[in-house]
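Trainee: To be precise about what I am sending: the file is called input08.cif and holds mmCIF, C-alpha atoms.
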data_work
loop_
_atom_site.label_atom_id
_atom_site.label_comp_id
_atom_site.auth_asym_id
_atom_site.auth_seq_id
_atom_site.Cartn_x
_atom_site.Cartn_y
_atom_site.Cartn_z
CA MET Y 1 67.89 -40.56 15.18
CA ASN Y 2 65.58 -41.16 12.25
CA THR Y 3 62.08 -39.83 11.75
CA LEU Y 4 58.95 -41.47 10.33
CA PHE Y 5 57.13 -38.38 9.03
CA ASN Y 6 59.57 -35.92 7.54
CA MET Y 7 59.99 -33.49 4.65
CA ASP Y 8 61.29 -36.18 2.24
CA LEU Y 9 58.10 -38.21 2.69
CA MET Y 10 55.99 -35.07 2.15
CA LEU Y 11 57.83 -34.23 -1.10
CA TYR Y 12 57.63 -37.83 -2.37
CA LEU Y 13 53.88 -38.08 -1.64
CA THR Y 14 53.26 -34.75 -3.42
CA GLY Y 15 55.34 -36.02 -6.34
CA ILE Y 16 53.39 -39.30 -6.50
CA ILE Y 17 50.07 -37.40 -6.56
CA MET Y 18 51.37 -35.19 -9.40
CA LEU Y 19 52.68 -38.27 -11.23
CA LEU Y 20 49.22 -39.91 -10.99
CA VAL Y 21 47.66 -36.66 -12.25
CA ALA Y 22 50.06 -36.70 -15.23
CA TRP Y 23 49.23 -40.38 -15.90
CA MET Y 24 45.45 -39.77 -15.73
CA THR Y 25 45.80 -36.75 -18.02
CA TRP Y 26 47.77 -38.81 -20.56
CA ARG Y 27 45.17 -41.61 -20.44
CA ASP Y 28 42.29 -39.15 -20.93
CA GLN Y 29 41.48 -39.67 -24.63
CA ALA Y 30 38.94 -36.82 -24.71
CA HIS Y 31 41.49 -34.31 -23.32
CA PRO Y 32 42.01 -31.51 -25.89
CA LYS Y 33 45.70 -31.04 -25.03
CA ARG Y 34 46.57 -34.35 -23.42
CA TRP Y 35 50.24 -34.61 -24.50
CA THR Y 36 51.43 -31.15 -23.44
CA SER Y 37 49.26 -31.12 -20.29
CA ALA Y 38 50.56 -34.53 -19.21
CA LEU Y 39 54.13 -33.38 -19.91
CA PHE Y 40 53.56 -30.26 -17.78
CA TRP Y 41 52.41 -32.25 -14.75
CA LEU Y 42 55.10 -34.90 -15.33
CA LEU Y 43 57.83 -32.22 -15.30
CA PHE Y 44 56.28 -30.68 -12.18
CA ALA Y 45 56.17 -34.14 -10.51
CA SER Y 46 59.84 -34.70 -11.37
CA THR Y 47 60.86 -31.65 -9.29
CA PHE Y 48 59.47 -33.43 -6.20
CA LEU Y 49 60.52 -37.00 -7.03
CA PHE Y 50 63.92 -37.08 -8.67
CA SER Y 51 65.93 -34.21 -7.12
CA ASP Y 52 67.58 -36.47 -4.52
CA VAL Y 53 68.49 -39.14 -7.10
CA LEU Y 54 69.89 -36.55 -9.52
CA PHE Y 55 71.81 -34.87 -6.72
CA TRP Y 56 73.41 -38.21 -5.93
CA LEU Y 57 73.98 -39.21 -9.59
CA VAL Y 58 75.25 -36.06 -11.32
CA GLY Y 59 76.09 -33.66 -8.50
CA LYS Y 60 74.81 -30.33 -7.26
CA SER Y 61 75.52 -27.87 -10.05
CA LEU Y 62 74.23 -30.06 -12.91
CA THR Y 63 71.04 -30.85 -10.91
CA TYR Y 64 70.42 -27.13 -10.47
CA ARG Y 65 70.87 -26.59 -14.20
CA ILE Y 66 68.52 -29.46 -15.10
CA TYR Y 67 65.84 -27.99 -12.83
CA GLY Y 68 66.43 -24.55 -14.31
CA VAL Y 69 65.71 -26.02 -17.76
CA ILE Y 70 62.60 -27.78 -16.37
CA VAL Y 71 61.28 -24.49 -14.94
CA VAL Y 72 61.81 -22.79 -18.33
CA LEU Y 73 60.01 -25.68 -20.05
CA LEU Y 74 57.09 -25.39 -17.61
CA ALA Y 75 56.84 -21.66 -18.34
CA LEU Y 76 56.99 -22.30 -22.10
CA ILE Y 77 54.27 -24.99 -22.03
CA ALA Y 78 51.95 -22.78 -19.91
CA GLY Y 79 52.83 -19.61 -21.83
CA LEU Y 80 52.14 -21.14 -25.24
CA GLY Y 81 48.73 -22.36 -24.06
CA GLY Y 82 49.72 -26.03 -23.89
CA LEU Y 83 47.91 -26.63 -20.62
CA GLY Y 84 44.29 -27.70 -20.97
CA SER Y 85 41.54 -29.02 -18.76
CA GLY Y 86 40.41 -32.65 -18.86
CA SER Y 87 37.09 -34.09 -20.00
CA HIS Y 88 35.88 -34.53 -16.42
CA LEU Y 89 34.87 -30.86 -16.25
CA VAL Y 90 32.33 -31.47 -19.01
CA THR Y 91 30.89 -34.55 -17.35
CA ALA Y 92 30.98 -33.03 -13.87
CA ALA Y 93 27.38 -31.83 -14.05
CA GLY Y 94 26.10 -35.40 -14.48
CA LYS Y 95 28.19 -36.69 -11.60
CA MET Y 96 27.18 -33.74 -9.43
CA SER Y 97 23.65 -35.08 -8.79
CA ALA Y 98 25.10 -38.45 -7.69
CA GLY Y 99 27.48 -36.51 -5.43
CA ILE Y 100 24.62 -34.54 -3.89
CA THR Y 101 22.67 -37.71 -2.96
CA GLN Y 102 25.86 -39.07 -1.39
CA VAL Y 103 26.37 -35.86 0.59
CA SER Y 104 22.80 -35.91 1.87
CA ARG Y 105 23.38 -39.51 3.07
CA ILE Y 106 26.53 -38.54 4.99
CA GLY Y 107 25.11 -35.25 6.30
CA ARG Y 108 27.14 -32.79 8.32
CA LYS Y 109 29.81 -35.38 9.02
CA ILE Y 110 31.15 -34.50 5.55
CA PHE Y 111 33.06 -31.60 7.17
CA LEU Y 112 34.77 -33.88 9.71
CA PRO Y 113 37.88 -34.76 7.62
CA ALA Y 114 38.53 -31.09 6.79
CA LEU Y 115 38.20 -30.11 10.46
CA LEU Y 116 40.53 -32.95 11.50
CA ILE Y 117 43.43 -31.30 9.64
CA PRO Y 118 43.84 -28.15 11.84
CA LEU Y 119 42.85 -29.99 15.04
CA ILE Y 120 45.38 -32.82 14.60
CA THR Y 121 48.09 -30.41 13.37
CA VAL Y 122 47.81 -28.20 16.46
CA PHE Y 123 47.56 -31.20 18.80
CA LEU Y 124 50.60 -32.98 17.30
CA SER Y 125 52.79 -29.89 17.11
CA LEU Y 126 52.11 -29.19 20.81
CA ALA Y 127 52.12 -32.72 22.21
CA ALA Y 128 54.00 -35.14 19.94
CA LYS Y 129 57.48 -33.61 19.75
CA ASP Y 130 59.12 -36.38 21.79
CA TRP Y 131 57.00 -39.34 20.65
CA HIS Y 132 59.23 -42.11 19.33
CA VAL Y 133 59.39 -45.86 18.68
CA GLY Y 134 62.86 -47.22 19.44
CA HIS Y 135 65.29 -45.02 17.54
CA TRP Y 136 62.58 -43.57 15.29
CA PHE Y 137 60.99 -40.25 16.12
CA LEU Y 138 57.39 -39.93 14.93
CA LEU Y 139 57.81 -36.38 13.61
CA ASP Y 140 60.60 -34.47 11.90
CA GLN Y 141 62.30 -32.59 14.77
CA LYS Y 142 63.35 -29.62 12.63
CA ASN Y 143 60.03 -29.14 10.84
CA LEU Y 144 57.61 -30.08 13.59
CA THR Y 145 54.62 -28.09 12.29
CA LEU Y 146 54.96 -29.31 8.70
CA ALA Y 147 55.40 -32.93 9.82
CA SER Y 148 52.28 -32.56 12.01
CA LEU Y 149 50.40 -31.15 9.01
CA LEU Y 150 51.51 -34.13 6.89
CA LEU Y 151 50.30 -36.67 9.45
CA ALA Y 152 47.05 -34.70 9.92
CA CYS Y 153 46.39 -34.68 6.15
CA LEU Y 154 47.01 -38.43 5.89
CA THR Y 155 44.63 -39.06 8.82
CA ALA Y 156 42.02 -36.79 7.23
CA LEU Y 157 42.38 -38.66 3.93
CA LEU Y 158 41.76 -41.99 5.67
CA ALA Y 159 38.78 -40.50 7.53
CA ALA Y 160 37.35 -39.17 4.25
CA CYS Y 161 37.76 -42.58 2.57
CA TRP Y 162 36.09 -44.30 5.49
CA LEU Y 163 33.23 -41.76 5.54
CA THR Y 164 32.50 -41.91 1.80
CA ARG Y 165 33.39 -45.62 1.35
CA ASP Y 166 35.68 -44.48 -1.45
CA THR Y 167 39.33 -45.14 -2.31
CA PRO Y 168 42.39 -42.87 -2.02
CA LEU Y 169 42.55 -43.09 -5.84
CA GLN Y 170 39.22 -41.25 -5.99
CA ALA Y 171 40.85 -38.53 -3.88
CA VAL Y 172 43.58 -38.25 -6.53
CA ARG Y 173 40.90 -38.06 -9.27
CA GLU Y 174 39.22 -35.21 -7.40
CA SER Y 175 42.64 -33.59 -6.90
CA ARG Y 176 43.09 -33.73 -10.67
CA ARG Y 177 39.73 -31.98 -11.15
CA LEU Y 178 40.83 -29.19 -8.77
CA ILE Y 179 44.31 -29.01 -10.29
CA ASP Y 180 42.78 -28.65 -13.77
CA ALA Y 181 40.57 -25.83 -12.52
CA ILE Y 182 43.57 -24.05 -10.97
CA GLY Y 183 45.90 -24.66 -13.94
CA TRP Y 184 49.42 -23.26 -14.07
CA ALA Y 185 48.79 -20.97 -11.07
CA LEU Y 186 49.34 -24.07 -8.92
CA ILE Y 187 53.13 -23.87 -9.38
CA LEU Y 188 53.32 -20.11 -8.79
CA PRO Y 189 53.98 -20.18 -5.00
CA GLN Y 190 57.09 -22.33 -5.53
CA LEU Y 191 58.40 -20.14 -8.34
CA LEU Y 192 57.79 -16.96 -6.30
CA ALA Y 193 59.65 -18.43 -3.32
CA MET Y 194 62.60 -18.99 -5.67
CA LEU Y 195 62.27 -15.39 -6.89
CA GLY Y 196 62.51 -14.19 -3.28
CA GLY Y 197 65.75 -16.16 -2.94
CA VAL Y 198 67.08 -14.53 -6.10
CA PHE Y 199 66.29 -11.05 -4.68
CA VAL Y 200 68.23 -11.85 -1.48
CA VAL Y 201 71.25 -13.26 -3.37
CA ALA Y 202 71.23 -10.24 -5.70
CA GLN Y 203 71.55 -8.03 -2.57
CA THR Y 204 68.46 -6.00 -3.42
CA GLY Y 205 68.27 -4.99 0.26
CA GLN Y 206 71.62 -3.16 0.14
CA ALA Y 207 70.65 -1.49 -3.15
CA ILE Y 208 67.40 -0.22 -1.63
CA GLN Y 209 69.26 1.00 1.47
CA SER Y 210 71.73 3.09 -0.53
CA LEU Y 211 68.90 4.42 -2.70
CA VAL Y 212 66.88 5.44 0.38
CA SER Y 213 69.81 7.13 2.12
CA LEU Y 214 70.48 8.99 -1.14
CA LEU Y 215 66.92 10.31 -1.42
CA PHE Y 216 65.84 10.89 2.19
CA HIS Y 217 67.42 12.32 5.30
CA PRO Y 218 67.88 9.39 7.72
CA GLU Y 219 66.53 11.52 10.60
CA ASN Y 220 63.23 12.10 8.82
CA ARG Y 221 61.04 9.45 10.51
CA LEU Y 222 57.94 9.85 8.39
CA SER Y 223 59.74 9.37 5.08
CA ILE Y 224 61.60 6.25 6.28
CA VAL Y 225 58.40 4.72 7.72
CA LEU Y 226 56.62 5.50 4.44
CA VAL Y 227 59.43 3.92 2.40
CA TYR Y 228 59.41 0.77 4.56
CA CYS Y 229 55.63 0.25 4.62
CA LEU Y 230 54.98 1.20 0.98
CA GLY Y 231 58.12 -0.72 -0.07
CA MET Y 232 56.83 -3.86 1.66
CA THR Y 233 53.48 -3.40 -0.11
CA LEU Y 234 54.98 -2.82 -3.56
CA LEU Y 235 57.64 -5.55 -3.32
CA THR Y 236 54.98 -8.00 -2.12
CA MET Y 237 52.81 -7.03 -5.09
CA ILE Y 238 55.74 -7.78 -7.41
CA MET Y 239 56.76 -11.05 -5.73
CA GLY Y 240 53.29 -12.18 -4.69
CA ASN Y 241 54.52 -13.14 -1.24
CA ALA Y 242 55.13 -10.98 1.84
CA PHE Y 243 57.58 -13.51 3.27
CA ALA Y 244 59.79 -13.12 0.19
CA ALA Y 245 59.71 -9.31 0.43
CA PHE Y 246 60.29 -9.22 4.21
CA PRO Y 247 64.06 -10.01 4.42
CA VAL Y 248 64.81 -7.69 1.49
CA MET Y 249 63.00 -4.62 2.85
CA THR Y 250 63.74 -5.24 6.55
CA ALA Y 251 67.48 -5.74 6.02
CA GLY Y 252 67.55 -2.80 3.61
CA VAL Y 253 65.42 -0.19 5.38
CA ALA Y 254 63.97 -1.18 8.77
CA LEU Y 255 67.06 -2.61 10.48
CA PRO Y 256 69.63 0.12 9.69
CA LEU Y 257 67.39 3.20 9.46
CA LEU Y 258 64.58 2.52 11.95
CA ILE Y 259 65.74 -0.05 14.52
CA HIS Y 260 69.45 0.81 14.77
CA ALA Y 261 69.45 4.53 13.93
CA GLN Y 262 66.16 5.61 15.56
CA HIS Y 263 65.90 2.89 18.28
CA ALA Y 264 62.46 1.87 17.08
CA ASN Y 265 60.77 -1.10 18.79
CA PRO Y 266 61.89 -4.08 16.63
CA ALA Y 267 58.87 -6.32 17.42
CA LEU Y 268 56.43 -3.59 16.41
CA VAL Y 269 58.37 -2.60 13.29
CA VAL Y 270 58.62 -6.14 11.87
CA ALA Y 271 55.00 -6.98 12.76
CA ILE Y 272 53.57 -3.89 11.08
CA GLY Y 273 56.04 -4.19 8.20
CA MET Y 274 54.79 -7.72 7.51
CA PHE Y 275 51.15 -6.52 7.69
CA SER Y 276 51.96 -3.80 5.14
CA GLY Y 277 53.22 -6.64 2.95
CA TYR Y 278 49.91 -8.45 3.45
CA CYS Y 279 48.13 -5.30 2.20
CA GLY Y 280 50.10 -5.87 -1.02
CA THR Y 281 49.04 -9.53 -1.06
CA LEU Y 282 45.40 -8.37 -1.15
CA MET Y 283 46.04 -6.29 -4.27
CA THR Y 284 48.17 -8.47 -6.55
CA PRO Y 285 47.35 -11.22 -9.05
CA MET Y 286 50.84 -12.61 -8.32
CA ALA Y 287 49.43 -13.97 -5.03
CA ALA Y 288 47.57 -16.40 -7.26
CA ASN Y 289 46.75 -18.93 -4.55
CA PHE Y 290 44.81 -16.25 -2.64
CA ASN Y 291 43.36 -14.07 -5.39
CA ILE Y 292 43.21 -15.93 -8.71
CA VAL Y 293 42.68 -19.57 -7.71
CA PRO Y 294 39.54 -18.85 -5.62
CA ALA Y 295 38.16 -16.81 -8.55
CA ALA Y 296 38.71 -19.87 -10.78
CA LEU Y 297 37.24 -22.29 -8.22
CA LEU Y 298 34.17 -20.10 -7.69
CA GLU Y 299 33.90 -19.78 -11.49
CA LEU Y 300 33.63 -15.97 -11.31
CA LYS Y 301 33.36 -14.28 -14.70
CA ASP Y 302 36.02 -11.69 -13.83
CA ASN Y 303 39.38 -13.20 -12.76
CA TYR Y 304 40.30 -9.98 -10.94
CA GLN Y 305 36.97 -9.55 -9.10
CA ILE Y 306 38.46 -10.67 -5.75
CA ILE Y 307 41.34 -8.17 -6.02
CA LYS Y 308 38.98 -5.33 -6.97
CA VAL Y 309 36.84 -5.95 -3.89
CA GLN Y 310 39.91 -6.17 -1.64
CA ILE Y 311 41.67 -2.96 -2.76
CA PRO Y 312 39.74 -0.45 -0.53
CA THR Y 313 40.31 -2.59 2.59
CA ALA Y 314 44.00 -3.04 1.73
CA LEU Y 315 44.61 0.72 1.28
CA ALA Y 316 42.71 1.61 4.48
CA VAL Y 317 44.66 -0.98 6.53
CA LEU Y 318 47.91 0.27 4.96
CA ILE Y 319 47.17 3.84 6.12
CA CYS Y 320 46.39 2.49 9.61
CA ASN Y 321 49.71 0.58 9.61
CA ILE Y 322 51.70 3.70 8.74
CA CYS Y 323 49.91 5.72 11.46
CA LEU Y 324 50.43 2.95 14.05
CA MET Y 325 54.15 2.73 13.29
CA MET Y 326 54.56 6.52 13.51
CA LEU Y 327 52.63 6.64 16.81
CA PHE Y 328 54.05 3.68 18.74
CA ALA Y 329 57.38 2.55 17.25
CA PHE Y 330 59.66 5.26 18.55
CA PRO Y 331 60.78 5.84 22.15
CA ALA Y 332 59.22 8.96 23.65
CA MET C 1 60.48 -13.15 11.61
CA THR C 2 62.14 -13.84 14.98
CA ALA C 3 64.69 -16.02 13.18
CA PHE C 4 65.49 -13.08 10.89
CA LEU C 5 65.92 -10.71 13.87
CA HIS C 6 68.10 -13.30 15.70
CA GLU C 7 70.33 -13.64 12.61
CA ASN C 8 70.78 -9.86 12.63
CA GLY C 9 71.80 -9.63 16.27
CA ILE C 10 68.47 -8.74 17.93
CA THR C 11 67.93 -11.59 20.40
CA THR C 12 65.51 -9.99 22.86
CA VAL C 13 62.36 -10.31 20.71
CA GLU C 14 60.01 -13.23 21.44
CA PRO C 15 57.36 -14.42 18.93
CA LEU C 16 54.66 -13.54 21.47
CA THR C 17 55.79 -9.87 21.53
CA ILE C 18 55.41 -9.68 17.75
CA GLY C 19 51.98 -11.27 18.14
CA LEU C 20 51.07 -8.65 20.76
CA TRP C 21 51.96 -5.81 18.39
CA SER C 22 49.68 -7.41 15.79
CA ILE C 23 46.60 -6.59 17.85
CA PRO C 24 46.31 -2.88 16.82
CA THR C 25 46.43 -3.72 13.09
CA ALA C 26 44.01 -6.61 13.67
CA LEU C 27 41.53 -4.24 15.36
CA CYS C 28 41.89 -1.70 12.53
CA ALA C 29 41.26 -4.41 9.91
CA LEU C 30 38.25 -5.65 11.91
CA PHE C 31 36.64 -2.20 12.10
CA ILE C 32 37.38 -1.40 8.44
CA HIS C 33 35.80 -4.70 7.41
CA LEU C 34 32.78 -4.19 9.72
CA PHE C 35 32.27 -0.73 8.18
CA ARG C 36 32.46 -2.07 4.61
CA LEU C 37 30.11 -4.97 5.44
CA SER C 38 27.55 -2.63 7.01
CA ARG C 39 27.64 -0.50 3.83
CA LEU C 40 27.21 -3.67 1.73
CA ASP C 41 24.24 -4.71 3.88
CA ALA C 42 22.72 -1.25 3.48
CA SER C 43 23.09 -1.30 -0.31
CA ILE C 44 21.54 -4.80 -0.49
CA ALA C 45 18.64 -3.58 1.68
CA ARG C 46 18.16 -0.56 -0.66
CA GLU C 47 18.13 -2.88 -3.71
CA ILE C 48 15.53 -5.14 -2.10
CA HIS C 49 13.43 -2.11 -1.15
CA ALA C 50 13.62 -0.70 -4.70
CA TRP C 51 12.71 -4.11 -6.16
CA GLN C 52 9.77 -4.53 -3.76
CA SER C 53 8.35 -1.08 -4.52
CA ALA C 54 8.72 -1.76 -8.28
CA GLU C 55 6.87 -5.07 -7.81
CA GLY C 56 4.17 -3.29 -5.77
CA LYS C 57 3.48 -0.76 -8.54
CA ARG C 58 3.08 -3.46 -11.19
#
Here is a file; write its structure as structure tokens.

Mentor:
Amino acid sequence: MNTLFNMDLMLYLTGIIMLLVAWMTWRDQAHPKRWTSALFWLLFASTFLFSDVLFWLVGKSLTYRIYGVIVVLLALIAGLGGLGSGSHLVTAAGKMSAGITQVSRIGRKIFLPALLIPLITVFLSLAAKDWHVGHWFLLDQKNLTLASLLLACLTALLAACWLTRDTPLQAVRESRRLIDAIGWALILPQLLAMLGGVFVVAQTGQAIQSLVSLLFHPENRLSIVLVYCLGMTLLTMIMGNAFAAFPVMTAGVALPLLIHAQHANPALVVAIGMFSGYCGTLMTPMAANFNIVPAALLELKDNYQIIKVQIPTALAVLICNICLMMLFAFPA
Amino acid sequence: MTAFLHENGITTVEPLTIGLWSIPTALCALFIHLFRLSRLDASIAREIHAWQSAEGKR
């Protein structure tokens, strides 16, 4: 059975948006770094668009190598300061007043498209699993939530175009303005997800387990709980993503030393372990999409202001997590 | 998370159970945040008071 809205479509649409951004950047004569910036977004677009074709043309291992080279090139361009912001940021102030008159015409309905996204996603993921036309399922059966999100975003885009009497191309132009404000941090979540994969393949979990059993007595509950919770926090701070740290620390520490050896409640241990990871998310610039991008979008003077404000909350919640695990995880 | 536990031989855990054990941390985070916000409100109120009394003297 085939599907209409699936992961391939999502990747291709993302790639097309990035390709248009690269094209607009290259066409922008006033752009201070138009060649390298356009190349950066073109290379990023190619990771979404051409992986299937390359896979089919040159095979698996060569494709992986080509993308490895592309990732290094992306890092070099960004690292050497080749990524600049377009001329639209300078002219934005002039356009802003026109935008404000338009917003006052539309009124509160301006929030409707944004609200449609969560509403339609939840509705579709609960109700539309079996919807199909002939042999075509509406939504990807394996990635139901993501397919629902894709369809919801497309609906919201149409609603926004209808509301503002504007074109989808204008949406891409505005995307480019946001993407320029975010800069290279935009590609960080993907790179960090890859890093998490590298940690798992490198068997970091086993290494941590042998290190922990070397340093601490496995019967000492407090030390193992401390290692698991603080380890989740620290590894998340390094990787920028609690979901990347979770398999490493849970397979290394929580499963053998807490759940199997001490018969701790697995649901409680993994839940609180993940929340300890989130405490790390609050304190690290590596979680750029949460901590650095908003600082850029809000045009704060200090890039790390958001992290500084979050640190006391993160540490207090972390202490609560450790206490909760000590109190409730173990059978009486 | 449940998929990870299933892969490692623990099949009795449902997503809802993990969600249930999220409530204590959620409550802690709520109270910590409420406490910090009330302190922020108090410091803003003090600043306004100090500014108003400085304006009054002028």

Trainee: Name the closest residue to Arg36 (chain C) among the candidates Y:Ile311, Y:Leu318, Y:Leu62, Y:Val269; distances are taken between atoms, counting all atoms listed in the file.

Mentor: Y:Ile311

Trainee: The PyMOL selection byres ((chain Y) within 9 of (chain C)) - which residues does that actually catch in the file I just gave you? List them as a list of chain:residue names.

Mentor: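 Checking the PyMOL selection byres ((chain Y) within 9 of (chain C)) against this file, the residues are Y:Phe243, Y:Phe246, Y:Pro247, Y:Ala251, Y:Leu255, Y:Pro266, Y:Ala267, Y:Leu268, Y:Val269, Y:Val270, Y:Ala271, Y:Ile272, Y:Met274, Y:Phe275, Y:Thr313, Y:Ala314, Y:Ala316, Y:Val317, Y:Cys320, Y:Asn321, Y:Leu324.
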
Trainee: Record the distance separating CA of Leu211 (chain Y) and CA of Val198 (chain Y), expressed in Å with one decimal.

Mentor: 19.3 Å

Trainee: Let me know the residues the PyMOL selection byres ((chain Y and resi 130-136) around 12) catches in the file above, as a ChimeraX atom specification.

Mentor: /Y:1-6,124-129,137-141,144,148

Trainee: Here's a test: counting only C-alpha atoms, identify every protein, DNA and RNA residue with an atom at most 12 Å from (40.2, -36.9, -6.0) in the file's coordinate frame, and state them as a list in words.

Mentor: Ile17, Met18, Leu20, Val21, Met24, His88, Leu157, Ala160, Cys161, Asp166, Thr167, Pro168, Leu169, Gln170, Ala171, Val172, Arg173, Glu174, Ser175, Arg176, Arg177, Leu178, Ile179 and Asp180 of chain Y

Trainee: Write out as a PyMOL selection string the residues lying within 7 Å of Ser46 (chain Y), counting all atoms listed in the file and excluding same-chain residues fewer than 4 positions away.

Mentor: chain Y and resi 15+42+50

Trainee: Keeping C-alpha atoms, export the residues of the selection given above as a CSV table (one decimal), keeping the file's coordinate frame.

Mentor:
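Below is the file that was written, selection.csv:
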chain,number,residue,atom,x,y,z
Y,15,GLY,CA,55.3,-36.0,-6.3
Y,42,LEU,CA,55.1,-34.9,-15.3
Y,50,PHE,CA,63.9,-37.1,-8.7

Trainee: Translate the PyMOL selection byres ((chain Y and resi 285) around 12), as applied to the file shown, into an explicit residue set as a ChimeraX atom specification.

Mentor: /Y:185,188-189,236-241,280-284,286-295,303-308,310-311

Trainee: What is the CA of Gly183 (chain Y)-CA of Gly81 (chain Y) distance in Å, reported with one decimal?

Mentor: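 Separation between CA of Gly183 (chain Y) and CA of Gly81 (chain Y): 10.8 Å.
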
Trainee: If I put a ball of radius 9 Å at (65.2, 7.6, 17.7) in the file's coordinates, which residues poke into it when counting only C-alpha atoms, written as a list in words?

Mentor: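 In the file's frame, the residues around the point are Glu219, Arg221, Leu258, Ile259, His260, Ala261, Gln262, His263, Ala264, Phe330, Pro331 and Ala332 of chain Y.
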
Trainee: State, in Å with one decimal place, the distance from CA of Leu74 (chain Y) to CA of Leu186 (chain Y).

Mentor: 11.7 Å

Trainee: Kindly compute an axis-aligned box around the listed atoms of region 19-32 of chain C, allowing 6 Å on each side, and express its centre and edge lengths in Å to one decimal as JSON.

Mentor:
{"center_x": 44.3, "center_y": -6.3, "center_z": 14.6, "size_x": 27.3, "size_y": 21.9, "size_z": 24.3}
